[in-house]
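Dropping run-v4.tsv in here (TSV, C-alpha atoms):
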chain	number	residue	atom	x	y	z
A	26	MET	CA	-32.06	6.49	-7.11
A	27	ILE	CA	-33.90	5.32	-10.24
A	28	GLU	CA	-35.38	8.79	-10.67
A	29	TYR	CA	-31.90	10.33	-10.65
A	30	PHE	CA	-30.68	7.90	-13.31
A	31	GLU	CA	-33.69	8.60	-15.54
A	32	GLN	CA	-33.12	12.36	-15.37
A	33	ILE	CA	-29.63	12.28	-16.90
A	34	THR	CA	-28.99	12.01	-20.63
A	35	GLN	CA	-28.92	8.67	-22.42
A	36	GLU	CA	-25.22	9.19	-23.17
A	37	GLU	CA	-24.48	9.63	-19.46
A	38	GLN	CA	-26.63	6.61	-18.61
A	39	GLU	CA	-24.62	4.45	-21.00
A	40	MET	CA	-21.32	5.75	-19.64
A	41	LEU	CA	-22.43	5.23	-16.02
A	42	THR	CA	-23.36	1.65	-16.88
A	43	GLU	CA	-19.87	1.18	-18.33
A	44	VAL	CA	-18.31	2.76	-15.22
A	45	ILE	CA	-20.24	0.39	-12.92
A	46	GLN	CA	-19.23	-2.65	-14.98
A	47	THR	CA	-15.57	-1.56	-14.92
A	48	LEU	CA	-15.59	-1.04	-11.15
A	49	LEU	CA	-17.15	-4.46	-10.59
A	50	ARG	CA	-14.64	-6.09	-12.93
A	51	GLN	CA	-11.39	-4.47	-11.76
A	52	THR	CA	-12.46	-2.57	-8.58
A	53	TYR	CA	-10.92	0.81	-9.49
A	54	LEU	CA	-10.73	3.69	-11.96
A	55	LEU	CA	-7.63	5.73	-12.67
A	56	GLU	CA	-7.81	9.52	-12.98
A	57	ARG	CA	-4.99	9.64	-15.52
A	58	ARG	CA	-3.31	7.17	-17.84
A	59	TYR	CA	-0.21	7.46	-19.99
A	60	ASP	CA	-0.85	8.28	-23.65
A	61	ARG	CA	2.03	7.09	-25.83
A	62	ARG	CA	0.98	9.35	-28.72
A	63	THR	CA	1.46	12.52	-26.68
A	64	GLY	CA	4.01	11.14	-24.24
A	65	ARG	CA	1.95	12.57	-21.37
A	66	MET	CA	-0.50	11.49	-18.71
A	67	GLN	CA	-4.06	12.13	-19.92
A	68	TYR	CA	-7.28	12.38	-17.94
A	69	VAL	CA	-9.65	9.40	-18.19
A	70	LYS	CA	-13.26	10.25	-19.10
A	71	GLU	CA	-14.70	7.36	-17.03
A	72	TYR	CA	-13.04	8.74	-13.91
A	73	ARG	CA	-14.52	12.18	-14.54
A	74	MET	CA	-17.96	10.69	-15.11
A	75	CYS	CA	-17.67	8.69	-11.90
A	76	GLY	CA	-16.63	11.80	-9.98
A	77	LYS	CA	-19.54	13.78	-11.42
A	78	HIS	CA	-22.08	11.19	-10.21
A	79	LEU	CA	-20.11	9.98	-7.19
A	80	GLU	CA	-22.92	10.38	-4.64
A	81	PHE	CA	-25.37	8.43	-6.84
A	82	LEU	CA	-22.84	5.65	-7.41
A	83	GLN	CA	-22.02	5.46	-3.69
A	84	GLU	CA	-25.72	4.91	-2.95
A	85	TYR	CA	-25.96	2.37	-5.76
A	86	PHE	CA	-23.07	0.25	-4.47
A	87	ALA	CA	-24.18	0.65	-0.84
A	88	VAL	CA	-27.28	-1.42	-1.64
A	89	ALA	CA	-24.93	-4.38	-2.24
A	90	GLY	CA	-22.85	-3.60	0.85
A	91	ILE	CA	-20.00	-2.17	-1.24
A	92	THR	CA	-18.26	1.11	-0.39
A	93	LEU	CA	-17.16	3.44	-3.18
A	94	LYS	CA	-14.26	5.72	-2.25
A	95	GLU	CA	-12.21	8.39	-3.96
A	96	ASN	CA	-8.57	9.10	-3.19
A	97	ALA	CA	-8.03	12.44	-4.91
A	98	HIS	CA	-4.35	12.57	-3.92
A	99	MET	CA	-3.56	9.28	-5.62
A	100	GLY	CA	-6.08	9.80	-8.42
A	101	VAL	CA	-8.01	6.56	-7.84
A	102	ILE	CA	-11.70	5.81	-7.31
A	103	TYR	CA	-12.18	2.31	-5.91
A	104	ILE	CA	-14.65	-0.02	-4.26
A	105	GLN	CA	-14.34	-2.06	-1.07
A	106	GLY	CA	-16.47	-4.50	0.86
A	107	ALA	CA	-16.98	-7.42	-1.50
A	108	PRO	CA	-14.76	-10.00	-3.24
A	109	VAL	CA	-15.66	-8.64	-6.68
A	110	TRP	CA	-12.50	-9.71	-8.51
A	111	ALA	CA	-10.92	-13.14	-8.36
A	112	GLU	CA	-9.17	-13.26	-11.71
A	113	LYS	CA	-7.00	-16.21	-12.61
A	114	LEU	CA	-3.54	-14.97	-13.52
A	115	PRO	CA	-0.65	-16.98	-14.98
A	116	ARG	CA	2.20	-17.68	-12.57
A	117	LEU	CA	4.55	-15.09	-14.07
A	118	ALA	CA	1.85	-12.41	-14.08
A	119	THR	CA	1.20	-13.09	-10.40
A	120	ILE	CA	4.91	-12.84	-9.59
A	121	TYR	CA	5.31	-9.63	-11.58
A	122	LEU	CA	2.25	-8.10	-9.92
A	123	LEU	CA	3.54	-8.80	-6.42
A	124	VAL	CA	7.06	-7.59	-7.25
A	125	LEU	CA	5.70	-4.41	-8.87
A	126	LYS	CA	3.79	-3.67	-5.66
A	127	LEU	CA	7.00	-3.99	-3.65
A	128	ILE	CA	8.87	-1.69	-6.05
A	129	TYR	CA	5.99	0.81	-5.91
A	130	ASP	CA	5.98	0.86	-2.11
A	131	GLU	CA	9.77	1.26	-1.93
A	132	GLN	CA	9.86	4.17	-4.38
A	133	MET	CA	6.79	5.89	-2.91
A	134	ALA	CA	8.49	5.85	0.49
A	135	SER	CA	11.22	8.09	-0.92
A	136	VAL	CA	9.33	9.99	-3.65
A	137	SER	CA	5.84	10.40	-2.21
A	138	SER	CA	4.97	13.46	-4.33
A	139	SER	CA	4.17	11.38	-7.41
A	140	GLY	CA	1.04	9.29	-7.90
A	141	HIS	CA	2.80	6.89	-10.24
A	142	ILE	CA	6.24	5.28	-10.30
A	143	VAL	CA	8.52	4.36	-13.20
A	144	THR	CA	10.69	1.24	-13.12
A	145	THR	CA	12.23	-1.08	-15.70
A	146	LEU	CA	11.53	-4.65	-16.76
A	147	GLY	CA	15.08	-5.52	-15.73
A	148	ALA	CA	14.42	-4.20	-12.22
A	149	VAL	CA	11.27	-6.34	-11.98
A	150	ASN	CA	13.11	-9.49	-13.08
A	151	GLY	CA	15.98	-8.63	-10.74
A	152	LYS	CA	13.68	-8.22	-7.74
A	153	ALA	CA	11.95	-11.51	-8.58
A	154	GLY	CA	15.37	-13.14	-8.77
A	155	GLU	CA	16.24	-11.82	-5.30
A	156	PHE	CA	13.25	-13.70	-3.90
A	157	GLY	CA	14.24	-16.84	-5.77
A	158	VAL	CA	10.92	-17.07	-7.61
A	159	LEU	CA	12.53	-16.85	-11.06
A	160	LYS	CA	15.09	-19.58	-11.61
A	161	SER	CA	15.88	-18.22	-15.08
A	162	LEU	CA	14.93	-15.24	-17.22
A	163	PRO	CA	11.50	-15.78	-18.83
A	164	SER	CA	11.32	-15.87	-22.62
A	165	VAL	CA	10.60	-12.61	-24.44
A	166	THR	CA	7.25	-14.00	-25.56
A	167	GLU	CA	6.25	-14.87	-21.99
A	168	MET	CA	7.32	-11.45	-20.71
A	169	ARG	CA	5.38	-9.68	-23.45
A	170	ARG	CA	2.26	-11.72	-22.68
A	171	THR	CA	2.60	-10.97	-18.97
A	172	ILE	CA	3.09	-7.23	-19.44
A	173	ALA	CA	0.09	-7.16	-21.79
A	174	ILE	CA	-2.10	-8.81	-19.12
A	175	LEU	CA	-1.13	-6.31	-16.42
A	176	LYS	CA	-1.54	-3.43	-18.87
A	177	ARG	CA	-5.07	-4.63	-19.67
A	178	TYR	CA	-5.97	-4.34	-15.99
A	179	GLN	CA	-4.42	-0.84	-15.89
A	180	MET	CA	-1.88	-1.83	-13.24
A	181	ILE	CA	1.00	-0.71	-15.44
A	182	GLU	CA	1.83	1.01	-18.71
A	183	PRO	CA	4.97	0.12	-20.71
A	184	LEU	CA	6.55	3.25	-22.18
A	185	GLU	CA	7.85	1.36	-25.20
A	186	VAL	CA	5.93	-0.85	-27.63
A	187	LEU	CA	5.77	-4.51	-26.61
A	188	GLU	CA	7.45	-5.64	-29.84
A	189	GLU	CA	10.61	-3.77	-28.79
A	190	MET	CA	10.53	-4.86	-25.16
A	191	ASN	CA	13.81	-5.66	-23.38
A	192	GLU	CA	15.39	-5.36	-19.93
A	193	GLN	CA	15.62	-1.56	-20.36
A	194	THR	CA	11.91	-1.18	-21.12
A	195	ARG	CA	10.45	1.44	-18.78
A	196	ILE	CA	7.17	0.67	-17.01
A	197	ILE	CA	4.81	3.08	-15.28
A	198	ILE	CA	3.30	1.56	-12.12
A	199	TYR	CA	-0.13	3.08	-11.51
A	200	PRO	CA	-1.37	3.80	-7.96
A	201	CYS	CA	-4.04	1.12	-8.30
A	202	ILE	CA	-1.22	-1.36	-7.66
A	203	ASN	CA	-2.49	-0.86	-4.09
A	204	ALA	CA	-5.23	-3.28	-5.12
A	205	VAL	CA	-2.91	-6.13	-4.17
A	206	LEU	CA	-1.71	-7.24	-0.76
A	207	MET	CA	0.38	-5.21	1.65
A	208	GLY	CA	4.16	-5.48	1.62
A	209	ASP	CA	4.67	-8.04	4.40
A	210	GLU	CA	1.93	-10.26	3.02
A	211	ILE	CA	3.46	-10.09	-0.45
A	212	ARG	CA	6.83	-11.25	0.87
A	213	GLU	CA	5.14	-14.21	2.53
A	214	LEU	CA	3.32	-15.09	-0.68
A	215	LEU	CA	6.50	-14.79	-2.76
A	216	ALA	CA	8.17	-17.16	-0.31
A	217	THR	CA	5.55	-19.79	-1.13
A	218	PHE	CA	6.43	-19.52	-4.81
A	219	GLU	CA	10.02	-20.37	-3.94
A	220	GLU	CA	9.03	-23.28	-1.71
A	221	GLU	CA	6.43	-24.92	-3.94
A	222	GLU	CA	8.21	-26.60	-6.82
A	223	ASN	CA	5.01	-27.97	-8.34
A	224	LEU	CA	2.87	-24.84	-8.20
A	225	GLY	CA	0.09	-24.83	-10.83
A	226	ASP	CA	0.20	-22.70	-13.94
A	227	GLU	CA	-2.40	-20.28	-12.65
A	228	THR	CA	-2.87	-18.44	-9.36
A	229	ALA	CA	-5.93	-16.55	-8.17
A	230	ILE	CA	-5.39	-12.92	-7.23
A	231	GLN	CA	-8.28	-11.27	-5.47
A	232	SER	CA	-8.49	-7.51	-5.18
A	233	THR	CA	-8.06	-6.32	-1.58
A	234	ILE	CA	-7.55	-2.59	-1.98
A	235	GLU	CA	-6.28	-1.21	1.28
A	236	ASP	CA	-7.32	2.19	2.58
A	237	MET	CA	-5.02	4.73	0.99
A	238	PRO	CA	-4.04	7.94	2.79
A	239	GLU	CA	-5.95	11.00	1.63
Spit out the file's structure as structure tokens when you get a sec.
Amino acid sequence: MIEYFEQITQEEQEMLTEVIQTLLRQTYLLERRYDRRTGRMQYVKEYRMCGKHLEFLQEYFAVAGITLKENAHMGVIYIQGAPVWAEKLPRLATIYLLVLKLIYDEQMASVSSSGHIVTTLGAVNGKAGEFGVLKSLPSVTEMRRTIAILKRYQMIEPLEVLEEMNEQTRIIIYPCINAVLMGDEIRELLATFEEEENLGDETAIQSTIEDMPE
């Protein structure tokens, strides 16, 4: 394993190190991400690098009891087998993440040919309202902060700049949204938000990527 790593170029070594750190931090890599400048989905260099050295990386993670998998259909490379992400998310970010997963599942059930789904901020707030977890519409500042957090973790991509965000703002939901719980479990968790009046400001979300169909 060490011999293989030493035989590749220094540039590839540095990029592989970055790939490993990213996988340990957020558990997945996306094949394509939306580029606002071109208005198109663009291939991600880290994903290509991971695919090029996939066998080496699988052996590397296996030492720690972690499985590295690629879902070519969905365009996601992800790891399983260890609680590698337990990020503290603000309450609204947690709610949005769970609701986005429900919206993703619902739309994928009817439009399964696409790896990503587009919704609107209004639809997200509306769905959260249906579950009774939003008593009132969050402030624009809070919504911007929340969308920025989920964008940083590559769960979503707003199609308009955050400064111009409103209820009509379109949001791409990336397939790595499968990193959160399954639909029935999400509904149960959302129910606890409605029941617990004094829920803390932050909630832990731990990545539990489910096996995705090839």
Next item on the list: Choose the residue, out of A:Asn96, A:Cys201, A:Leu41, A:Tyr85, that has the smallest atom-to-atom separation from A:Tyr178; count only C-alpha atoms.
Entry: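 The answer is A:Cys201, which sits nearest to A:Tyr178.
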Item checked: Separation of atom CA of A:Ile91 from atom CA of A:Leu55, in Å and rounded to one decimal ->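 Going from atom CA of A:Ile91 over to atom CA of A:Leu55 covers 18.6 Å.
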Next item on the list: Take atom CA of A:Thr47 and atom CA of A:Lys94 and report the distance between them in Å, one decimal.
Entry: 14.7 Å
Item checked: Selection: 7 Å around stretch 125-130 of chain A, all atoms listed in the file, excl. self and same-chain fewer than 6 positions, as number ranges by chain -> A: 142, 149, 198, 202, 208
Item checked: atom CA of A:Arg116 to atom CA of A:Glu188, distance in Å rounded to a single decimal ->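 Separation between atom CA of A:Arg116 and atom CA of A:Glu188: 21.7 Å.
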